[in-house]
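As stored in work-v9.txt (compact mmCIF, C-alpha atoms):
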# COMPACT_ATOMS: atom_id res chain seq x y z
CA ALA I 1 229.98 267.48 208.67
CA LEU I 2 229.92 265.74 212.04
CA GLU I 3 232.35 265.33 214.86
CA GLY I 4 232.32 262.39 217.28
CA ASN I 5 230.90 258.88 217.07
CA ASP I 6 227.44 257.32 217.37
CA ARG I 7 226.74 253.69 218.25
CA LEU I 8 224.24 251.13 216.88
CA ARG I 9 223.09 247.92 218.61
CA ILE I 10 221.60 244.82 216.97
CA THR I 11 219.02 242.65 218.72
CA VAL I 12 218.54 239.11 217.40
CA PRO I 13 215.98 236.40 218.23
CA SER I 14 216.67 233.65 220.73
CA GLY I 15 218.91 230.99 219.24
CA TYR I 16 220.59 233.31 216.76
CA ASN I 17 224.21 234.29 217.36
CA LEU I 18 226.84 236.52 215.90
CA ALA I 19 228.92 234.44 213.52
CA SER I 20 232.17 235.30 215.31
CA PRO I 21 232.41 235.00 219.12
CA ALA I 22 234.61 238.11 219.09
CA ASP I 23 231.99 240.04 217.16
CA SER I 24 230.06 242.71 219.02
CA VAL I 25 226.38 243.56 219.01
CA PHE I 26 227.51 247.20 218.83
CA ARG I 27 228.82 249.11 215.83
CA VAL I 28 230.57 252.47 216.16
CA ILE I 29 229.44 254.99 213.55
CA THR I 30 232.20 257.41 212.61
CA PRO I 31 231.70 260.54 210.49
CA GLY I 32 231.53 259.64 206.81
CA LEU I 33 230.80 255.93 207.43
CA ARG I 34 227.93 254.94 205.16
CA GLU I 35 227.40 251.26 205.98
CA VAL I 36 227.65 248.81 208.86
CA SER I 37 227.01 245.08 208.88
CA TRP I 38 226.77 242.05 211.17
CA ASN I 39 227.23 238.37 210.31
CA LEU I 40 224.67 236.19 212.02
CA GLN I 41 224.35 232.44 212.44
CA ALA I 42 220.97 230.72 212.57
CA PRO I 43 220.26 228.04 215.23
CA ASP I 44 221.89 224.65 214.72
CA SER I 45 218.51 222.99 215.27
CA PRO I 46 216.06 225.19 213.39
CA PRO I 47 212.31 224.53 213.35
CA LEU I 48 210.97 221.98 210.87
CA SER I 49 208.33 224.39 209.62
CA LEU I 50 209.08 227.82 208.17
CA GLN I 51 209.07 230.47 210.90
CA SER I 52 209.51 234.27 210.83
CA PHE I 53 211.67 236.28 213.26
CA ILE I 54 212.42 239.97 213.78
CA ILE I 55 215.95 241.36 213.83
CA GLU I 56 216.15 244.96 215.09
CA VAL I 57 218.89 247.58 214.85
CA VAL I 58 218.58 250.63 217.11
CA GLU I 59 220.81 253.58 217.97
CA SER I 60 222.12 253.10 221.50
CA SER I 61 224.11 256.31 221.94
CA ARG I 62 224.41 259.63 220.14
CA ASN I 63 227.66 261.55 220.28
CA ALA I 64 228.16 262.82 216.75
CA ARG I 65 227.38 266.53 216.64
CA ASP I 66 227.23 269.19 213.98
CA GLU I 67 230.73 270.63 213.68
CA ASN I 68 229.41 274.22 213.45
CA THR I 69 226.63 274.27 216.07
CA ASN I 70 227.80 271.43 218.31
CA GLN I 71 224.13 270.29 218.32
CA LEU I 72 222.82 266.77 217.78
CA PRO I 73 221.40 266.61 214.26
CA PRO I 74 217.66 265.95 214.04
CA LEU I 75 216.86 262.31 213.20
CA THR I 76 213.58 260.56 212.41
CA PRO I 77 212.67 258.37 214.12
CA ASN I 78 214.49 259.33 217.23
CA PRO I 79 216.29 257.17 218.12
CA PRO I 80 216.84 255.66 214.63
CA ARG I 81 215.47 252.13 214.49
CA VAL I 82 215.06 249.56 211.72
CA SER I 83 213.63 246.04 211.75
CA PHE I 84 214.16 243.09 209.41
CA THR I 85 211.93 240.03 209.07
CA VAL I 86 213.81 236.81 208.38
CA GLN I 87 212.48 233.31 207.79
CA THR I 88 214.32 230.25 209.04
CA ARG I 89 213.86 226.55 208.51
CA GLY I 90 216.06 223.47 208.42
CA ILE I 91 218.28 222.82 205.41
CA GLY I 92 216.21 220.87 202.91
CA LEU I 93 216.93 218.34 200.19
CA GLU I 94 214.14 218.62 197.64
CA VAL I 95 213.24 215.23 196.19
CA ILE I 96 211.15 214.76 193.04
CA GLU I 97 210.14 211.35 191.65
CA LEU I 98 211.11 210.72 188.02
CA THR I 99 208.81 207.98 186.75
CA ASP I 100 208.74 208.68 183.02
CA ARG I 101 210.93 205.63 182.36
CA LYS I 102 209.04 203.31 184.71
CA PRO I 103 208.18 200.06 182.87
CA THR I 104 204.69 198.62 183.27
CA ASN I 105 205.56 195.21 181.88
CA VAL I 106 208.97 193.63 182.24
CA ARG I 107 210.45 190.53 180.66
CA ARG I 108 212.11 188.05 182.99
CA GLY I 109 215.82 188.20 182.22
CA ALA I 110 215.73 191.90 181.26
CA THR I 111 218.98 193.76 181.93
CA ASN I 112 219.88 197.42 182.57
CA LEU I 113 216.21 198.07 183.25
CA ALA I 114 215.52 201.62 184.46
CA VAL I 115 212.86 201.37 187.17
CA PHE I 116 212.56 204.95 188.39
CA GLY I 117 214.61 207.99 189.29
CA LEU I 118 214.92 210.76 191.84
CA GLN I 119 215.84 214.39 191.30
CA LEU I 120 217.75 215.61 194.37
CA GLU I 121 218.05 219.38 194.72
CA ASN I 122 220.16 221.03 197.41
CA GLN I 123 218.17 223.90 198.95
CA GLY I 124 221.00 224.92 201.30
CA ASP I 125 224.07 227.09 200.92
CA THR I 126 226.58 224.33 201.69
CA GLU I 127 227.29 220.95 200.15
CA ILE I 128 224.97 218.01 200.93
CA LEU I 129 226.17 214.40 200.89
CA ILE I 130 223.86 211.43 200.25
CA ASP I 131 225.28 208.59 202.32
CA ALA I 132 222.60 205.94 201.87
CA ILE I 133 219.10 205.18 200.61
CA SER I 134 217.00 202.37 202.05
CA MET I 135 214.14 200.76 200.17
CA ILE I 136 211.75 197.84 200.31
CA VAL I 137 211.64 195.33 197.47
CA ARG I 138 208.24 193.72 197.38
CA GLU I 139 205.81 191.61 195.36
CA GLY I 140 202.37 193.10 195.80
CA THR I 141 202.37 194.15 199.45
CA THR I 142 204.77 191.41 200.58
CA PRO I 143 208.49 192.17 200.99
CA ILE I 144 210.72 189.72 199.12
CA ALA I 145 214.46 189.11 199.15
CA PRO I 146 216.13 191.33 196.53
CA ASN I 147 218.37 188.49 195.35
CA SER I 148 215.31 186.33 194.64
CA ILE I 149 214.21 188.60 191.79
CA PHE I 150 217.28 190.64 190.74
CA SER I 151 220.79 189.60 189.78
CA ARG I 152 221.97 193.22 189.96
CA ILE I 153 220.81 196.54 191.39
CA ALA I 154 222.60 199.73 190.40
CA VAL I 155 222.27 203.46 191.00
CA VAL I 156 223.45 205.57 188.08
CA ASP I 157 223.31 209.15 186.88
CA TYR I 158 219.87 209.73 185.37
CA PHE I 159 221.27 211.51 182.32
CA ASN I 160 224.47 209.49 181.92
CA ALA I 161 224.19 205.82 182.89
CA ALA I 162 227.96 205.45 182.47
CA THR I 163 228.32 207.32 185.77
CA ILE I 164 227.69 204.61 188.37
CA PHE I 165 227.20 205.55 192.03
CA LEU I 166 226.55 202.00 193.24
CA ASN I 167 226.55 198.51 191.74
CA LEU I 168 225.35 195.46 193.73
CA SER I 169 225.87 192.21 191.84
CA PRO I 170 224.36 190.10 193.23
CA PRO I 171 222.21 192.11 195.65
CA PRO I 172 221.79 190.87 199.22
CA ALA I 173 218.87 188.88 200.59
CA THR I 174 218.14 191.47 203.28
CA ASN I 175 215.02 193.58 203.08
CA PRO I 176 214.89 196.57 203.54
CA LEU I 177 217.68 196.96 201.02
CA VAL I 178 220.25 199.51 202.18
CA LEU I 179 222.16 201.19 199.34
CA THR I 180 225.30 202.72 200.87
CA PHE I 181 227.28 205.06 198.62
CA GLN I 182 231.06 205.06 198.93
CA PRO I 183 231.95 207.77 198.23
CA ALA I 184 228.81 209.63 199.12
CA ILE I 185 226.86 211.36 196.34
CA SER I 186 227.77 215.05 196.47
CA ILE I 187 225.29 217.83 195.71
CA LEU I 188 226.76 221.31 195.77
CA ALA I 189 224.90 224.33 197.17
CA ASN I 190 221.87 225.28 195.09
CA GLN I 191 222.61 222.46 192.63
CA SER I 192 220.83 219.21 191.82
CA VAL I 193 221.74 215.62 190.96
CA SER I 194 219.37 213.13 189.33
CA ILE I 195 219.82 209.41 189.99
CA GLU I 196 218.20 206.33 188.51
CA PHE I 197 217.68 202.86 189.93
CA GLN I 198 218.49 200.10 187.42
CA VAL I 199 217.98 196.34 187.80
CA ASP I 200 218.80 193.10 186.05
CA VAL I 201 215.85 190.72 186.44
CA LEU I 202 216.52 187.03 187.08
CA ALA I 203 215.26 184.87 184.22
CA GLN I 204 214.23 182.17 186.70
CA SER I 205 212.35 184.47 189.06
CA THR I 206 208.87 183.19 189.90
CA ALA I 207 207.51 186.54 191.09
CA GLY I 208 204.56 187.97 189.20
CA THR I 209 205.26 191.62 190.01
CA PHE I 210 207.92 193.72 191.72
CA GLU I 211 208.12 197.18 193.23
CA LEU I 212 210.92 199.32 194.68
CA ARG I 213 209.59 201.52 197.47
CA ILE I 214 211.17 204.15 199.73
CA ASP I 215 208.69 203.88 202.59
CA SER I 216 209.82 206.73 204.87
CA PRO I 217 211.85 209.32 202.93
CA GLN I 218 212.76 211.29 206.08
CA SER I 219 214.64 208.31 207.54
CA ASP I 220 215.29 206.20 204.42
CA ILE I 221 217.22 208.93 202.56
CA GLU I 222 220.30 209.65 204.65
CA ALA I 223 221.51 213.09 203.60
CA ARG I 224 223.70 215.42 205.66
CA ASP I 225 224.83 219.00 205.45
CA VAL I 226 228.61 219.21 205.18
CA GLY I 227 228.75 222.49 207.09
CA SER I 228 227.09 221.18 210.26
CA ASN I 229 227.32 217.41 209.59
CA ARG I 230 223.65 217.21 210.54
CA LEU I 231 220.96 215.27 208.69
CA VAL I 232 218.79 217.46 206.48
CA GLU I 233 215.07 217.42 205.84
CA ILE I 234 213.64 215.63 202.80
CA ILE I 235 211.15 218.09 201.31
CA ASP I 236 208.83 218.42 198.32
CA THR I 237 208.65 221.25 195.79
CA ASN I 238 206.51 223.26 198.24
CA GLY I 239 209.19 223.07 200.91
CA GLN I 240 207.16 220.66 203.06
CA PRO I 241 208.60 217.47 204.61
CA ILE I 242 207.77 214.40 202.51
CA SER I 243 205.78 211.84 204.49
CA ALA I 244 204.38 209.66 201.68
CA ALA I 245 206.34 206.76 200.20
CA LEU I 246 208.38 207.31 197.03
CA THR I 247 207.67 204.57 194.49
CA PRO I 248 206.95 204.20 190.77
CA GLY I 249 204.42 201.47 191.57
CA PRO I 250 204.50 197.80 190.58
CA SER I 251 205.79 196.34 187.33
CA ASN I 252 204.41 193.10 185.89
CA LEU I 253 206.78 190.26 185.02
CA PHE I 254 206.37 188.09 181.93
CA ASP I 255 208.23 185.07 180.55
CA GLU I 256 211.27 185.94 178.53
CA SER I 257 210.27 184.03 175.37
CA LEU I 258 209.26 186.05 172.32
CA GLU I 259 206.15 183.91 171.88
CA ALA I 260 204.98 184.64 175.42
CA THR I 261 205.24 188.42 175.05
CA PHE I 262 203.79 188.81 171.55
CA HIS I 263 200.12 189.86 171.74
CA ASN I 264 197.74 192.69 170.95
CA TYR I 265 195.19 194.71 172.87
CA PRO I 266 192.32 195.31 172.72
CA ASN I 267 191.36 192.05 171.06
CA PRO I 268 188.93 192.03 169.32
CA PHE I 269 188.96 195.63 168.10
CA GLY I 270 187.37 197.72 165.37
CA ASN I 271 184.35 199.42 166.91
CA ASN I 272 184.04 203.10 167.76
CA ALA I 273 185.36 202.55 171.29
CA SER I 274 188.49 200.78 170.02
CA SER I 275 189.21 201.59 166.40
CA THR I 276 192.88 200.62 166.73
CA THR I 277 194.83 197.88 168.45
CA GLN I 278 198.33 197.83 169.95
CA ILE I 279 200.66 195.07 168.77
CA VAL I 280 203.00 194.34 171.67
CA TYR I 281 206.30 192.47 171.90
CA GLN I 282 209.56 192.47 173.83
CA LEU I 283 213.07 191.70 172.59
CA GLU I 284 215.82 189.80 174.37
CA GLN I 285 218.48 191.31 172.09
CA ASP I 286 218.67 194.13 169.57
CA SER I 287 217.24 192.84 166.29
CA ASP I 288 215.69 193.67 162.97
CA VAL I 289 211.92 193.37 163.38
CA ASN I 290 209.28 192.44 160.80
CA ILE I 291 205.55 192.39 161.60
CA ARG I 292 203.15 190.93 159.02
CA ILE I 293 199.41 190.36 159.27
CA TYR I 294 197.79 187.67 157.11
CA THR I 295 194.33 186.37 156.46
CA LEU I 296 193.64 182.78 157.52
CA LEU I 297 194.25 181.83 153.87
CA GLY I 298 197.77 183.26 154.02
CA GLU I 299 197.17 186.49 152.06
CA LEU I 300 199.36 189.39 153.23
CA VAL I 301 197.25 192.27 154.57
CA TRP I 302 199.61 194.66 156.36
CA SER I 303 203.36 194.80 157.15
CA ARG I 304 205.93 196.91 158.92
CA SER I 305 209.73 196.55 159.20
CA PHE I 306 212.23 198.10 161.60
CA SER I 307 216.00 197.84 161.84
CA ALA I 308 217.95 196.91 164.97
CA THR I 309 218.93 200.56 165.38
CA ASN I 310 215.33 201.81 165.42
CA PRO I 311 213.60 202.18 168.81
CA GLU I 312 211.36 199.26 167.78
CA GLY I 313 214.43 197.03 167.39
CA ILE I 314 216.40 197.98 170.50
CA ALA I 315 216.13 195.62 173.48
CA ASN I 316 215.85 197.73 176.63
CA GLY I 317 213.62 195.59 178.84
CA ARG I 318 210.48 197.43 177.82
CA PHE I 319 207.54 196.33 175.71
CA LYS I 320 207.29 197.76 172.21
CA GLU I 321 203.89 198.86 170.95
CA ILE I 322 202.95 199.21 167.29
CA THR I 323 199.54 200.66 166.41
CA TRP I 324 197.39 198.98 163.74
CA ASP I 325 194.21 200.72 162.61
CA GLY I 326 192.63 197.77 160.80
CA THR I 327 193.59 198.83 157.28
CA ASN I 328 195.66 197.02 154.67
CA ASP I 329 198.86 198.35 153.12
CA GLN I 330 196.77 200.34 150.63
CA GLY I 331 194.97 202.14 153.47
CA GLN I 332 191.65 200.31 152.90
CA LYS I 333 189.54 199.06 155.81
CA ILE I 334 189.60 195.29 156.08
CA LEU I 335 186.65 192.98 156.68
CA ASN I 336 185.59 191.54 160.02
CA GLY I 337 187.25 188.27 160.91
CA VAL I 338 190.30 186.65 162.44
CA TYR I 339 193.78 187.46 161.18
CA VAL I 340 197.20 186.04 161.98
CA ALA I 341 200.03 188.37 163.05
CA VAL I 342 203.59 187.09 162.59
CA LEU I 343 206.58 188.68 164.32
CA THR I 344 210.01 187.79 162.90
CA THR I 345 213.32 188.81 164.50
CA ASN I 346 216.95 187.79 164.06
CA HIS I 347 216.51 185.42 166.99
CA GLY I 348 213.11 183.83 166.47
CA LYS I 349 209.51 184.04 165.35
CA ALA I 350 206.17 184.35 167.14
CA THR I 351 202.51 184.41 166.08
CA THR I 352 199.24 185.64 167.56
CA LYS I 353 195.65 185.95 166.34
CA ILE I 354 193.88 189.29 165.99
CA ALA I 355 190.11 189.57 165.76
CA VAL I 356 188.47 192.47 163.90
CA ALA I 357 184.83 193.10 164.88
CA LYS I 358 183.28 196.36 163.68
What do you get writing this file as structure tokens?
Amino acid sequence: ALEGNDRLRITVPSGYNLASPADSVFRVITPGLREVSWNLQAPDSPPLSLQSFIIEVVESSRNARDENTNQLPPLTPNPPRVSFTVQTRGIGLEVIELTDRKPTNVRRGATNLAVFGLQLENQGDTEILIDAISMIVREGTTPIAPNSIFSRIAVVDYFNAATIFLNLSPPPATNPLVLTFQPAISILANQSVSIEFQVDVLAQSTAGTFELRIDSPQSDIEARDVGSNRLVEIIDTNGQPISAALTPGPSNLFDESLEATFHNYPNPFGNNASSTTQIVYQLEQDSDVNIRIYTLLGELVWSRSFSATNPEGIANGRFKEITWDGTNDQGQKILNGVYVAVLTTNHGKATTKIAVAK
């Protein structure tokens, strides 16, 4: 057993502080005490890149002596010393593009069209609030007024579109488009939120393509740490600041009529390089769908039917693609030539010609 007290001192890097102003760099070690601790606070303005620092704890005075011999007990090292390496960087909001729902071809007049999403993951230990996101709406490389192509722009929960964070109907003419969230989108410590940008496309829009683009994520995504009320870094999955634009890329716009969207590619098809063709169409409304392929003499060759509840019959602003391998309904290869494909829905009919060239 020991009698008397020892004392330990902590040394921290420049910019670090004890969490409590009344806290002391010294800790008194009494006989039987098995643990001491300090609460430290990192700098308010930490470095952008990950940096390592040394925290050192060293014995500053020795007074505890053996109760029998009154001698200082032998210690190794002498004086006792221990060092800790810590890494510090700014609080980060990890952002990942979600482009799996990005449409390549879009019908004019399409509604509730999911353009792309963002997964937002809080890398800090306090809540982060997303106050605003700014983006450019453009045709090709030219910015265009959002209200010239969209009748509505919304931000919804990626996994539950019924949760709406923002709804602009109609959107403004200003570009860049600033999406201000009221209330702010909350992301708790070590949690994530996924959002999706949805649009309603004007039927009368004359644009040929459109693209939503977050040009400068560091400044265009306004996210702040609740604890310090400071803006946080926008980082990638490697913890590095994102400098490249976030965008799903352009989408092509087509007329809203069924006749204008009904086609197939490649055309002609049938050789080794293209043994199948994709029959493509887009629906304005949910509908039963029937696709029939005839010879030029009107003989039925191949047919498929889908109900309005099947994915092929649900109108979601995206093109449907049905694969045809150039066989008839009995599975036999058909002859070279030109065939007529007929698409029938509850709301209209369309035709296109398909060439088979083996």
Check your understanding: Which is closer to Leu283 of chain I than all the others in I:Val106, I:Ile54, I:Ile133, I:Leu8, using all atoms listed in the file?
Key ->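 When distances to Leu283 of chain I are compared using all atoms listed in the file, the smallest one comes from I:Val106.
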Please provide the set of residues having any atom within 8 Å of segment 169-182 of chain I, restricted to all atoms listed in the file, with same-chain residues fewer than 3 positions apart removed, written as a PDB file with C-alpha atoms, keeping the file's coordinate frame.
ATOM      1  CA  ILE I 130     223.860 211.430 200.250  1.00  0.00           C
ATOM      2  CA  ASP I 131     225.280 208.590 202.320  1.00  0.00           C
ATOM      3  CA  ALA I 132     222.600 205.940 201.870  1.00  0.00           C
ATOM      4  CA  ILE I 133     219.100 205.180 200.610  1.00  0.00           C
ATOM      5  CA  SER I 134     217.000 202.370 202.050  1.00  0.00           C
ATOM      6  CA  MET I 135     214.140 200.760 200.170  1.00  0.00           C
ATOM      7  CA  ILE I 136     211.750 197.840 200.310  1.00  0.00           C
ATOM      8  CA  VAL I 137     211.640 195.330 197.470  1.00  0.00           C
ATOM      9  CA  PRO I 143     208.490 192.170 200.990  1.00  0.00           C
ATOM     10  CA  ILE I 144     210.720 189.720 199.120  1.00  0.00           C
ATOM     11  CA  ALA I 145     214.460 189.110 199.150  1.00  0.00           C
ATOM     12  CA  PRO I 146     216.130 191.330 196.530  1.00  0.00           C
ATOM     13  CA  ASN I 147     218.370 188.490 195.350  1.00  0.00           C
ATOM     14  CA  SER I 148     215.310 186.330 194.640  1.00  0.00           C
ATOM     15  CA  PHE I 150     217.280 190.640 190.740  1.00  0.00           C
ATOM     16  CA  SER I 151     220.790 189.600 189.780  1.00  0.00           C
ATOM     17  CA  ARG I 152     221.970 193.220 189.960  1.00  0.00           C
ATOM     18  CA  ILE I 153     220.810 196.540 191.390  1.00  0.00           C
ATOM     19  CA  PHE I 165     227.200 205.550 192.030  1.00  0.00           C
ATOM     20  CA  LEU I 166     226.550 202.000 193.240  1.00  0.00           C
ATOM     21  CA  ILE I 185     226.860 211.360 196.340  1.00  0.00           C
TER      22      ILE I 185
END
Practice item. Within 12 Å of Thr327 of chain I, counting all atoms listed in the file, which residues show up once you throw out same-chain ones fewer than 6 positions away? Write them as a ChimeraX atom specification, please. Key: /I:270,275-277,293-294,300-303,333-336,356
Segment 244-305 of chain I near segment 337-355 of chain I within 8 Å: what's each residue's closest atom pair and its distance in Å to one decimal, counting all atoms listed in the file, ordered by chain then ascending residue number, as CSV?
residue,atom,partner,partner_atom,distance
I:Leu258,CA,I:Ala350,CA,6.3
I:Glu259,CA,I:Ala350,CA,4.8
I:Phe262,CA,I:Ala350,CA,6.7
I:His263,CA,I:Thr352,CA,6.0
I:Asn264,CA,I:Ile354,CA,7.1
I:Asn267,CA,I:Ala355,CA,6.0
I:Pro268,CA,I:Ala355,CA,4.5
I:Phe269,CA,I:Ala355,CA,6.6
I:Ser287,CA,I:Asn346,CA,5.5
I:Asp288,CA,I:Thr345,CA,5.6
I:Val289,CA,I:Thr345,CA,4.9
I:Asn290,CA,I:Thr344,CA,5.2
I:Ile291,CA,I:Leu343,CA,4.7
I:Arg292,CA,I:Val342,CA,5.3
I:Ile293,CA,I:Ala341,CA,4.3
I:Tyr294,CA,I:Val340,CA,5.2
I:Thr295,CA,I:Tyr339,CA,4.9
I:Leu296,CA,I:Tyr339,CA,5.9
Practice item. One decimal, Å: what's the distance from atom CA of Arg318 of chain I over to atom CA of Ser274 of chain I, could you say? Key: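 Interatomic distance, atom CA of Arg318 of chain I to atom CA of Ser274 of chain I: 23.6 Å.
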Check your understanding: Interatomic distance between atom CA of Asn328 of chain I and atom CA of Ala315 of chain I?
Key ->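 Value for the atom CA of Asn328 of chain I-atom CA of Ala315 of chain I distance: 27.8 Å.
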